[in-house]
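Have a look at final-v4.txt; it's compact mmCIF, C-alpha atoms and all ligand atoms:
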```
# COMPACT_ATOMS: atom_id res chain seq x y z
CA MET N 24 54.77 -142.55 201.22
CA SER N 25 56.69 -145.64 202.30
CA ALA N 26 60.35 -145.99 201.43
CA GLU N 27 59.45 -148.70 198.96
CA ALA N 28 56.71 -146.67 197.30
CA SER N 29 59.18 -143.86 196.68
CA GLY N 30 61.62 -146.33 195.14
CA ARG N 31 64.09 -146.24 198.00
CA PRO N 32 65.46 -149.48 199.40
CA GLU N 33 64.65 -150.13 203.08
CA ARG N 34 68.32 -150.21 204.07
CA ARG N 35 70.92 -147.85 202.72
CA ALA N 36 74.25 -149.22 201.55
CA ASP N 37 77.23 -149.29 203.93
CA ILE N 38 79.69 -149.31 201.07
CA VAL N 39 79.05 -147.25 197.94
CA VAL N 40 81.26 -147.15 194.86
CA CYS N 41 80.97 -143.66 193.36
CA PRO N 42 81.26 -143.59 189.55
CA GLY N 43 84.57 -141.93 188.64
CA GLY N 44 85.27 -141.26 192.32
CA PRO N 45 86.09 -142.85 195.65
CA MET N 46 84.36 -145.62 197.59
CA LEU N 47 82.26 -144.45 200.53
CA VAL N 48 82.43 -146.58 203.65
CA ARG N 49 80.02 -146.02 206.54
CA GLY N 50 80.92 -146.75 210.15
CA ASP N 51 84.18 -147.21 212.06
CA VAL N 52 86.64 -149.06 209.90
CA VAL N 53 90.32 -149.96 210.06
CA ILE N 54 92.02 -150.29 206.70
CA GLU N 55 95.31 -152.12 206.36
CA THR N 56 97.31 -150.99 203.32
CA GLU N 57 99.86 -153.00 201.31
CA ASP N 58 102.67 -151.83 203.55
CA GLY N 59 100.94 -153.35 206.57
CA VAL N 60 100.05 -149.95 208.07
CA ARG N 61 96.64 -149.73 209.75
CA HIS N 62 94.48 -146.62 209.19
CA GLU N 63 91.49 -145.94 211.45
CA SER N 64 88.57 -143.96 210.08
CA THR N 65 87.87 -140.72 211.94
CA ARG N 66 84.40 -139.83 210.69
CA PRO N 67 81.02 -141.59 210.31
CA VAL N 68 81.45 -141.83 206.52
CA SER N 69 84.87 -142.10 204.91
CA ALA N 70 85.89 -141.89 201.26
CA VAL N 71 88.44 -144.53 200.32
CA CYS N 72 90.66 -143.69 197.34
CA ARG N 73 90.15 -145.90 194.30
CA CYS N 74 92.34 -143.99 191.84
CA GLU N 75 95.58 -144.78 193.70
CA LYS N 76 96.75 -141.17 193.36
CA SER N 77 95.64 -139.65 196.66
CA ALA N 78 98.36 -138.01 198.75
CA ARG N 79 96.53 -139.28 201.83
CA LYS N 80 95.96 -142.88 201.00
CA PRO N 81 93.93 -144.83 201.84
CA TRP N 82 91.59 -141.82 202.03
CA CYS N 83 90.40 -139.83 198.98
CA ASP N 84 91.72 -136.26 198.84
CA GLY N 85 89.99 -135.23 195.63
CA THR N 86 93.05 -135.84 193.41
CA HIS N 87 91.02 -138.20 191.21
CA LYS N 88 89.32 -135.14 189.71
CA LEU N 89 92.57 -134.24 187.95
CA LEU N 90 92.80 -137.63 186.20
CA PRO N 91 91.24 -138.29 182.80
CA GLY N 92 88.15 -140.49 183.06
CA TRP N 93 87.60 -139.62 186.75
CA ARG N 94 85.52 -136.75 188.12
CA MET I 1284 77.84 -108.97 217.88
CA LEU I 1285 77.02 -105.28 217.46
CA LEU I 1286 75.46 -103.72 214.38
CA PRO I 1287 78.00 -102.92 211.63
CA GLN I 1288 78.69 -99.50 210.07
CA ALA I 1289 76.19 -98.24 207.50
CA ARG I 1290 77.24 -98.24 203.84
CA GLY I 1291 74.70 -95.83 202.41
CA ALA I 1292 71.31 -94.26 202.94
CA LEU I 1293 69.33 -97.51 203.08
CA SER I 1294 71.51 -99.29 205.63
CA ALA I 1295 71.76 -96.07 207.68
CA ALA I 1296 67.95 -95.89 207.87
CA LEU I 1297 67.70 -99.60 208.69
CA LEU I 1298 70.32 -99.48 211.46
CA ASP I 1299 68.64 -96.42 212.88
CA LEU I 1300 65.31 -98.26 212.99
CA LEU I 1301 66.79 -101.42 214.53
CA ARG I 1302 68.30 -99.41 217.39
CA ARG I 1303 64.78 -98.45 218.47
CA ASP I 1304 62.05 -100.55 220.04
CA PRO I 1305 59.94 -102.57 217.61
CA ASP I 1306 56.48 -101.27 216.90
CA PRO I 1307 54.38 -104.42 216.31
CA ASP I 1308 51.08 -102.55 216.42
CA ARG I 1309 52.33 -100.04 213.84
CA THR I 1310 51.48 -96.85 215.62
CA ALA I 1311 54.00 -95.02 213.42
CA PRO I 1312 53.78 -95.05 209.62
CA ALA I 1313 55.90 -97.69 207.84
CA PRO I 1314 59.30 -96.28 206.87
CA VAL I 1315 59.92 -95.10 203.35
CA TRP I 1316 63.26 -96.62 202.45
CA PRO I 1317 65.76 -94.32 200.73
CA VAL I 1318 67.75 -95.41 197.71
CA SER I 1319 71.45 -94.60 197.69
CA ALA I 1320 73.53 -93.74 194.66
CA ASP I 1321 75.85 -96.74 195.01
CA SER I 1322 73.20 -99.20 196.01
CA SER I 1323 75.03 -102.52 195.67
CA ALA I 1324 77.12 -102.40 198.88
CA ASP I 1325 74.30 -100.62 200.71
CA GLU I 1326 71.70 -103.24 199.75
CA ALA I 1327 74.06 -106.17 200.36
CA LEU I 1328 74.82 -104.98 203.88
CA SER I 1329 71.16 -104.21 204.62
CA LEU I 1330 70.10 -107.69 203.57
CA TRP I 1331 72.94 -109.29 205.52
CA VAL I 1332 71.80 -107.42 208.68
CA LEU I 1333 68.16 -108.42 208.16
CA GLN I 1334 69.07 -112.09 207.69
CA GLU I 1335 71.37 -112.10 210.72
CA LEU I 1336 68.28 -111.40 212.83
CA HIS I 1337 67.34 -115.02 212.03
CA TYR I 1338 70.69 -116.41 213.15
CA ARG I 1339 72.12 -115.06 216.38
CA GLY I 1340 71.03 -111.44 216.16
CA PHE I 1341 72.81 -108.35 217.48
CA ASP I 1342 73.51 -107.35 221.07
CA ASP I 1343 72.20 -103.86 220.33
CA VAL I 1344 68.98 -104.96 218.59
CA ASP I 1345 65.74 -106.12 220.20
CA ASP I 1346 65.17 -109.78 219.19
CA ARG I 1347 61.53 -109.06 218.34
CA TRP I 1348 62.68 -107.28 215.18
CA GLU I 1349 63.27 -110.74 213.64
CA TRP I 1350 59.60 -111.21 212.78
CA ASP I 1351 58.48 -107.60 212.62
CA PRO I 1352 56.44 -106.89 209.45
CA THR I 1353 58.72 -103.94 208.63
CA THR I 1354 61.92 -105.99 208.59
CA ILE I 1355 60.26 -108.92 206.82
CA ALA I 1356 58.93 -106.61 204.09
CA LEU I 1357 62.33 -105.05 203.43
CA ARG I 1358 64.07 -108.45 203.51
CA GLY I 1359 61.54 -109.70 200.97
CA ARG I 1360 62.16 -106.76 198.67
CA LEU I 1361 65.95 -107.13 198.83
CA GLU I 1362 65.81 -110.90 198.34
CA ARG I 1363 63.54 -110.50 195.29
CA ALA I 1364 66.05 -108.09 193.77
CA LEU I 1365 68.95 -110.43 194.58
CA GLU I 1366 67.19 -113.46 193.12
CA GLY I 1367 66.30 -111.40 190.05
CA ARG I 1368 69.96 -110.47 189.46
CA LEU I 1369 71.05 -114.09 189.88
CA ARG I 1370 68.35 -115.37 187.53
CA GLU I 1371 69.28 -112.81 184.90
CA ARG I 1372 72.86 -114.11 184.83
CA TYR I 1373 71.72 -117.73 185.06
CA ALA I 1374 69.45 -117.27 182.05
CA VAL I 1375 72.43 -116.52 179.80
CA ALA I 1376 74.81 -119.05 181.40
CA ASP I 1377 75.75 -122.24 179.60
CA VAL I 1378 73.98 -124.75 181.86
CA PRO I 1379 73.97 -128.46 180.97
CA ARG I 1380 70.45 -129.94 181.16
CA SER I 1381 70.41 -133.69 180.55
CA ASP I 1382 68.37 -136.37 182.31
CA ASP I 1383 71.40 -137.05 184.55
CA LEU I 1384 71.44 -134.37 187.23
CA VAL I 1385 74.69 -135.55 188.85
CA ASP I 1386 76.42 -135.40 185.47
CA ASP I 1387 74.99 -131.92 184.85
CA VAL I 1388 76.35 -130.54 188.11
CA GLN I 1389 79.74 -132.20 187.62
CA THR I 1390 79.97 -130.90 184.05
CA MET I 1391 79.05 -127.39 185.19
CA ILE I 1392 81.89 -127.52 187.74
CA GLU I 1393 84.41 -128.88 185.23
CA GLN I 1394 83.53 -126.26 182.62
CA HIS I 1395 83.68 -123.40 185.07
CA ASP I 1396 86.90 -121.43 184.97
CA GLY I 1397 87.19 -118.60 187.45
CA PRO I 1398 90.34 -117.42 189.21
CA SER I 1399 91.46 -119.65 192.09
CA LEU I 1400 92.38 -117.82 195.28
CA ALA I 1401 93.59 -121.12 196.73
CA LYS I 1402 96.20 -121.47 193.99
CA HIS I 1403 97.42 -117.92 194.65
CA VAL I 1404 97.79 -118.67 198.36
CA GLN I 1405 99.49 -121.97 197.62
CA GLN I 1406 102.04 -120.41 195.28
CA HIS I 1407 102.78 -116.77 195.94
CA ALA I 1408 100.33 -114.71 198.03
CA SER I 1409 101.98 -112.80 200.90
CA ARG I 1410 101.08 -113.29 204.54
CA GLU I 1411 99.27 -109.96 204.51
CA GLN I 1412 97.23 -110.89 201.42
CA THR I 1413 96.36 -114.23 202.96
CA GLU I 1414 95.21 -112.57 206.17
CA THR I 1415 93.00 -110.25 204.09
CA LEU I 1416 91.44 -113.32 202.50
CA LEU I 1417 90.95 -115.07 205.87
CA ARG I 1418 89.19 -111.98 207.23
CA GLN I 1419 86.82 -111.99 204.24
CA ARG I 1420 86.19 -115.72 204.77
CA THR I 1421 85.17 -115.17 208.41
CA VAL I 1422 81.79 -113.91 207.20
CA TYR I 1423 80.95 -117.45 206.14
CA HIS I 1424 83.34 -119.75 207.98
CA LEU I 1425 82.26 -118.53 211.44
CA LYS I 1426 78.75 -119.79 210.75
CA GLU I 1427 79.77 -122.52 208.38
CA ALA I 1428 76.98 -124.97 207.48
CA ASP I 1429 74.30 -122.98 209.35
CA PRO I 1430 72.50 -121.54 206.28
CA THR I 1431 71.96 -125.04 204.86
CA THR I 1432 70.57 -126.35 208.13
CA TRP I 1433 67.40 -124.26 207.60
CA VAL I 1434 66.47 -126.71 204.84
CA VAL I 1435 66.29 -129.85 207.02
CA PRO I 1436 62.61 -129.78 208.10
CA ARG I 1437 61.51 -128.98 204.54
CA LEU I 1438 62.60 -132.30 203.05
CA GLY I 1439 61.30 -135.84 202.73
CA ALA I 1440 63.03 -138.71 204.54
CA GLY I 1441 65.65 -139.54 201.88
CA PRO I 1442 67.32 -136.17 201.32
CA LYS I 1443 66.71 -135.18 204.94
CA ALA I 1444 68.64 -138.10 206.44
CA ALA I 1445 71.43 -137.72 203.90
CA LEU I 1446 71.71 -133.97 204.47
CA LEU I 1447 71.99 -134.57 208.19
CA GLU I 1448 74.80 -137.04 207.58
CA VAL I 1449 76.75 -134.15 205.99
CA GLN I 1450 75.67 -131.54 208.54
CA PHE I 1451 76.47 -133.78 211.52
CA ASP I 1452 80.04 -134.06 210.25
CA GLU I 1453 80.17 -130.27 209.73
CA TYR I 1454 79.05 -129.87 213.33
CA GLY I 1455 81.87 -132.07 214.64
CA ASN I 1456 79.82 -135.28 215.02
CA GLY I 1457 78.58 -134.09 218.37
CA ASP I 1458 81.98 -132.83 219.58
CA PRO I 1459 81.91 -129.00 219.89
CA GLY I 1460 85.71 -128.97 219.66
CA ARG I 1461 85.59 -130.47 216.17
CA LEU I 1462 82.77 -128.32 214.86
CA HIS I 1463 84.06 -126.74 211.69
CA HIS I 1464 83.44 -123.14 212.67
CA ALA I 1465 85.10 -123.83 216.03
CA LEU I 1466 88.16 -125.17 214.18
CA PHE I 1467 88.25 -121.94 212.16
CA GLU I 1468 87.96 -119.86 215.36
CA ARG I 1469 90.98 -121.65 216.82
CA GLY I 1470 92.92 -121.06 213.62
CA LEU I 1471 92.11 -117.34 213.65
CA VAL I 1472 93.11 -116.86 217.28
CA ALA I 1473 96.39 -118.75 216.79
CA SER I 1474 97.08 -116.56 213.75
CA GLY I 1475 96.58 -113.35 215.74
CA LEU I 1476 93.21 -112.55 214.13
CA SER I 1477 89.85 -112.00 215.78
CA ALA I 1478 87.52 -114.99 216.02
CA THR I 1479 84.58 -112.93 217.22
CA TYR I 1480 81.65 -113.30 214.87
CA GLY I 1481 81.01 -110.08 213.01
CA ASP I 1482 84.34 -108.38 213.78
CA TYR I 1483 85.35 -108.15 210.12
CA VAL I 1484 81.97 -107.42 208.57
CA ASP I 1485 82.80 -103.73 208.17
CA GLU I 1486 85.58 -104.64 205.74
CA ALA I 1487 83.65 -107.41 203.96
CA LEU I 1488 83.49 -106.90 200.21
CA PRO I 1489 79.97 -106.48 198.76
CA GLU I 1490 80.65 -109.64 196.73
CA VAL I 1491 81.37 -111.54 199.95
CA LEU I 1492 78.22 -110.22 201.58
CA GLU I 1493 76.19 -111.23 198.54
CA GLN I 1494 77.70 -114.71 198.56
CA ASN I 1495 76.44 -115.02 202.12
CA THR I 1496 73.04 -113.39 201.63
CA THR I 1497 72.36 -115.67 198.67
CA LEU I 1498 73.05 -118.74 200.75
CA SER I 1499 70.84 -117.46 203.57
CA MET I 1500 68.08 -116.64 201.08
CA PHE I 1501 68.25 -120.19 199.67
CA GLY I 1502 68.08 -121.55 203.22
CA LEU I 1503 65.38 -119.26 204.58
CA GLN I 1504 62.96 -119.59 201.68
CA ARG I 1505 61.43 -123.07 201.50
CA ARG I 1506 60.58 -122.43 197.85
CA LEU I 1507 64.32 -122.38 197.10
CA ARG I 1508 65.29 -125.59 198.96
CA GLY I 1509 66.58 -127.21 195.77
CA ALA I 1510 68.90 -124.25 195.20
CA ALA I 1511 70.24 -124.49 198.75
CA LEU I 1512 71.11 -128.15 198.16
CA GLY I 1513 72.55 -127.59 194.69
CA HIS I 1514 74.72 -124.88 196.23
CA LEU I 1515 75.84 -127.33 198.91
CA ALA I 1516 76.79 -129.97 196.32
CA ALA I 1517 78.82 -127.51 194.22
CA PHE I 1518 80.45 -126.01 197.31
CA GLU I 1519 81.58 -129.38 198.64
CA ALA I 1520 82.66 -130.55 195.19
CA THR I 1521 84.95 -127.55 194.77
CA SER I 1522 86.50 -127.75 198.23
CA SER I 1523 88.90 -130.70 198.63
CA ILE I 1524 91.60 -129.64 196.18
CA PRO I 1525 91.48 -125.89 197.06
CA SER I 1526 91.58 -126.78 200.77
CA ARG I 1527 94.76 -128.78 200.18
CA GLN I 1528 96.28 -125.86 198.23
CA LEU I 1529 95.32 -123.43 200.99
CA ALA I 1530 96.84 -125.69 203.66
CA GLN I 1531 100.07 -125.85 201.63
CA GLY I 1532 100.13 -122.07 201.20
CA LEU I 1533 99.47 -121.47 204.90
CA ARG I 1534 102.38 -123.80 205.78
CA ARG I 1535 104.61 -122.01 203.27
CA LEU I 1536 103.79 -118.70 204.98
CA GLY I 1537 104.37 -120.07 208.48
CA PHE I 1538 100.78 -119.89 209.73
CA PRO I 1539 100.22 -121.90 212.93
CA GLU I 1540 99.12 -125.53 212.83
CA GLU I 1541 95.62 -124.62 214.10
CA MET I 1542 94.94 -122.66 210.90
CA THR I 1543 96.26 -125.35 208.55
CA ALA I 1544 94.32 -127.97 210.54
CA TYR I 1545 91.07 -126.30 209.51
CA TYR I 1546 91.88 -126.71 205.82
CA ASP I 1547 93.39 -130.17 206.31
CA GLU I 1548 90.11 -131.30 207.86
CA HIS I 1549 88.23 -130.12 204.76
CA VAL I 1550 90.31 -132.13 202.31
CA GLU I 1551 89.01 -135.50 203.45
CA ALA I 1552 85.68 -134.32 204.88
CA ASP I 1553 84.55 -132.61 201.69
CA ALA I 1554 85.61 -135.53 199.49
CA VAL I 1555 82.91 -137.43 201.38
CA HIS I 1556 80.37 -134.61 201.61
CA GLU I 1557 80.54 -134.00 197.86
CA GLN I 1558 79.44 -137.53 197.07
CA VAL I 1559 76.68 -137.62 199.66
CA ALA I 1560 75.41 -134.14 198.74
CA LEU I 1561 75.28 -134.89 195.04
CA ARG I 1562 73.91 -138.41 195.02
CA ASP I 1563 72.00 -138.94 198.27
CA VAL I 1564 70.73 -135.38 198.78
CA CYS I 1565 70.27 -133.63 195.40
CA LEU I 1566 69.55 -136.63 193.21
CA VAL I 1567 67.06 -138.13 195.66
CA LEU I 1568 65.39 -134.74 196.14
CA ALA I 1569 64.96 -134.44 192.37
CA LYS I 1570 63.44 -137.92 192.24
CA ASP I 1571 61.04 -137.12 195.09
CA GLU I 1572 60.23 -133.65 193.77
CA PRO I 1573 61.06 -133.36 190.04
CA ASP I 1574 60.38 -129.61 189.96
CA GLN I 1575 63.41 -129.12 192.24
CA ALA I 1576 65.93 -130.42 189.68
CA GLU I 1577 66.21 -127.09 187.87
CA LEU I 1578 66.64 -125.34 191.22
CA VAL I 1579 69.49 -127.72 192.08
CA ARG I 1580 71.22 -126.59 188.86
CA PHE I 1581 70.46 -122.95 189.69
CA GLY I 1582 71.96 -123.31 193.19
CA ALA I 1583 75.06 -125.09 191.92
CA TRP I 1584 75.53 -122.42 189.24
CA ALA I 1585 75.07 -119.63 191.83
CA CYS I 1586 77.77 -121.14 194.05
CA LEU I 1587 80.29 -121.12 191.19
CA ASP I 1588 79.24 -117.69 189.91
CA LEU I 1589 79.42 -115.98 193.31
CA GLU I 1590 82.78 -117.53 194.24
CA CYS I 1591 84.14 -116.30 190.91
CA ARG I 1592 82.97 -112.76 191.68
CA THR I 1593 84.43 -112.93 195.17
CA ALA I 1594 87.75 -114.20 193.81
CA GLU I 1595 87.93 -111.31 191.32
CA ALA I 1596 87.07 -108.81 194.05
CA VAL I 1597 89.72 -110.20 196.42
CA LEU I 1598 92.32 -110.07 193.63
CA GLY I 1599 91.30 -106.43 193.17
CA LEU I 1600 91.82 -105.77 196.90
CA TRP I 1601 95.25 -107.38 196.77
CA ALA I 1602 96.22 -105.36 193.71
CA ALA I 1603 95.05 -102.12 195.29
CA ALA I 1604 96.98 -102.69 198.54
S1 LIG Z 1701 89.63 -141.59 194.49
FE1 LIG Z 1701 89.75 -139.58 195.19
S2 LIG Z 1701 91.85 -139.25 195.29
FE2 LIG Z 1701 91.75 -141.29 194.61
```
Would you encode the structure as structure tokens?
Amino acid sequence: MSAEASGRPERRADIVVCPGGPMLVRGDVVIETEDGVRHESTRPVSAVCRCEKSARKPWCDGTHKLLPGWR
Amino acid sequence: MLLPQARGALSAALLDLLRRDPDPDRTAPAPVWPVSADSSADEALSLWVLQELHYRGFDDVDDRWEWDPTTIALRGRLERALEGRLRERYAVADVPRSDDLVDDVQTMIEQHDGPSLAKHVQQHASREQTETLLRQRTVYHLKEADPTTWVVPRLGAGPKAALLEVQFDEYGNGDPGRLHHALFERGLVASGLSATYGDYVDEALPEVLEQNTTLSMFGLQRRLRGAALGHLAAFEATSSIPSRQLAQGLRRLGFPEEMTAYYDEHVEADAVHEQVALRDVCLVLAKDEPDQAELVRFGAWACLDLECRTAEAVLGLWAAA
């Protein structure tokens, strides 16, 4: 079965927004936060915090699960 | 690793057999397996030993026993009994079944309330209690990710590639020094504990053995691939926050940096793995093979159920000490 026949797009997404969760980013990235600090990714896929409550910003540390409306 | 100590009549007979040469042509009659009075620990250990033949084996066992009809028959019998016990509990569990599998698994996790060992370690467990827990965890953490790797060749392209994205990270992205079970080994050694695979199996609780034999059963039986992946999703989804609590507790107790580093690594890693495992592995598997969706729920439920039983058993150990 081809990727298209099975309903899968030919190319996967590099950036994925997870409902109620973080944003996945694939590949080596450098993120500059508001304070001007640069953060280099250390793994092939990184989860970037969207809830603003992570203790390890800019990376997701699962804290969003404790917030209402997130999971 | 050497064979562990027997825990009853069945494991004693099995260990005795495994110390001999295999008999592929069956010149001797097949063994009649005894049943011991307290069969749960005895059966759990026997199954664990039989499954280990498929991983890295035992220094005092001939490798040919792995595929000997005698060992395969007993493994099959013990796995059928284990699956039967799990399914009996699953049948009466409150399992959400909507047309949104991701939502079902997340709801199951949110509704689940078992004791949290991580919270105990974070807040008030003693160093001795924490070491007891770490020794129990060696049974899994020293072969972390391996049971799920059995599933890879049994999947279509979508879930296969996504599963490997998770597994590759578990295996250190090609760097043996960053492989998760190698990180745990370093943490154990720095903490004055043994990092030799199998060293603490003799003190492993039956609940811990069963947690491990279930995962190996899901991995080794192609029929149960959906359960292996559902287990993975629930495991990763219940890891980030507890890992952070464990790291905090280990720092509070003055454990070396190598041990906290293992749990620190899991905070960010598992926040990623959870998403990939749920959406790109389990959901895509269920779209490719709709009959696997219920097995994904079963595997996720089993992960939560077995961790709850382990947590209660460890609390019992702590209380008894
Ligand atoms: S999105 Fe996960 S901690 Fe913020």
*Show me which bits of chain N are within 8 Å of chain I, counting only C-alpha atoms, as JSON, numbers by chain.*
{"N": [29, 31, 41, 47, 66, 67, 68, 69, 70, 82, 83, 84, 85, 86, 94]}
_Exercise: segment 1572-1575 of chain I partners within 10 Å, only C-alpha atoms, chain neighbours under 2 positions left out, as an MDAnalysis selection string_ = chainID I and resid 1438:1439 1506:1510 1512:1513 1565:1570 1577:1581
*Write as a ChimeraX atom specification the residues around ligand LIG 1701 (chain Z), taking 7 Å as the cut-off and counting all atoms listed in the file.*
/N:44-45,71-77,83-87
Near-Ala1478 of chain I list (10 Å; all atoms listed in the file; drop same-chain fewer than 4 positions) as a PDB file with C-alpha atoms, in the frame of the given file:
```pdb
ATOM      1  CA  ARG I1418      89.190-111.980 207.230  1.00  0.00           C
ATOM      2  CA  THR I1421      85.170-115.170 208.410  1.00  0.00           C
ATOM      3  CA  LEU I1425      82.260-118.530 211.440  1.00  0.00           C
ATOM      4  CA  HIS I1464      83.440-123.140 212.670  1.00  0.00           C
ATOM      5  CA  ALA I1465      85.100-123.830 216.030  1.00  0.00           C
ATOM      6  CA  PHE I1467      88.250-121.940 212.160  1.00  0.00           C
ATOM      7  CA  GLU I1468      87.960-119.860 215.360  1.00  0.00           C
ATOM      8  CA  ARG I1469      90.980-121.650 216.820  1.00  0.00           C
ATOM      9  CA  GLY I1470      92.920-121.060 213.620  1.00  0.00           C
ATOM     10  CA  LEU I1471      92.110-117.340 213.650  1.00  0.00           C
ATOM     11  CA  VAL I1472      93.110-116.860 217.280  1.00  0.00           C
ATOM     12  CA  ALA I1473      96.390-118.750 216.790  1.00  0.00           C
ATOM     13  CA  SER I1474      97.080-116.560 213.750  1.00  0.00           C
ATOM     14  CA  ASP I1482      84.340-108.380 213.780  1.00  0.00           C
ATOM     15  CA  TYR I1483      85.350-108.150 210.120  1.00  0.00           C
TER      16      TYR I1483
END
```
*Considering only C-alpha atoms, state which residue in the set I:Ala1604, I:Glu1427, I:Cys1586, I:Gly1599 is at the smallest distance from Met1391 of chain I.*
I:Cys1586
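What separates atom CA of Arg1437 of chain I from atom CA of Arg1505 of chain I is a distance of 6.6 Å.
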*asked:* Quick one: residues within 12 Å of segment 1354-1357 of chain I, all atoms listed in the file, excluding same-chain residues fewer than 4 positions away - as a PyMOL selection string?
replied: chain I and resi 1293-1294+1296-1298+1300-1301+1305-1307+1313-1317+1326+1329-1337+1346-1350+1361-1364+1503
*asked:* Residues within 10 Å of His62 of chain N, please, as a PyMOL selection string. Count all atoms listed in the file; anything in the same chain fewer than 3 positions from it doesn't count.
replied: chain N and resi 52-56+59+65+80-82
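Residues lying within 9 Å of Ile38 of chain N, counting all atoms listed in the file and ignoring same-chain neighbours fewer than 4 positions away, are Met46, Leu47, Val48 and Arg49 of chain N.
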_Just the number, please: distance in Å from atom CA of Gln1405 of chain I to atom CA of Ala1530 of chain I, one decimal._
7.6 Å
*Interatomic distance between atom CA of Ala1444 of chain I and atom CA of Thr1432 of chain I?*
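A separation of 12.0 Å between them.
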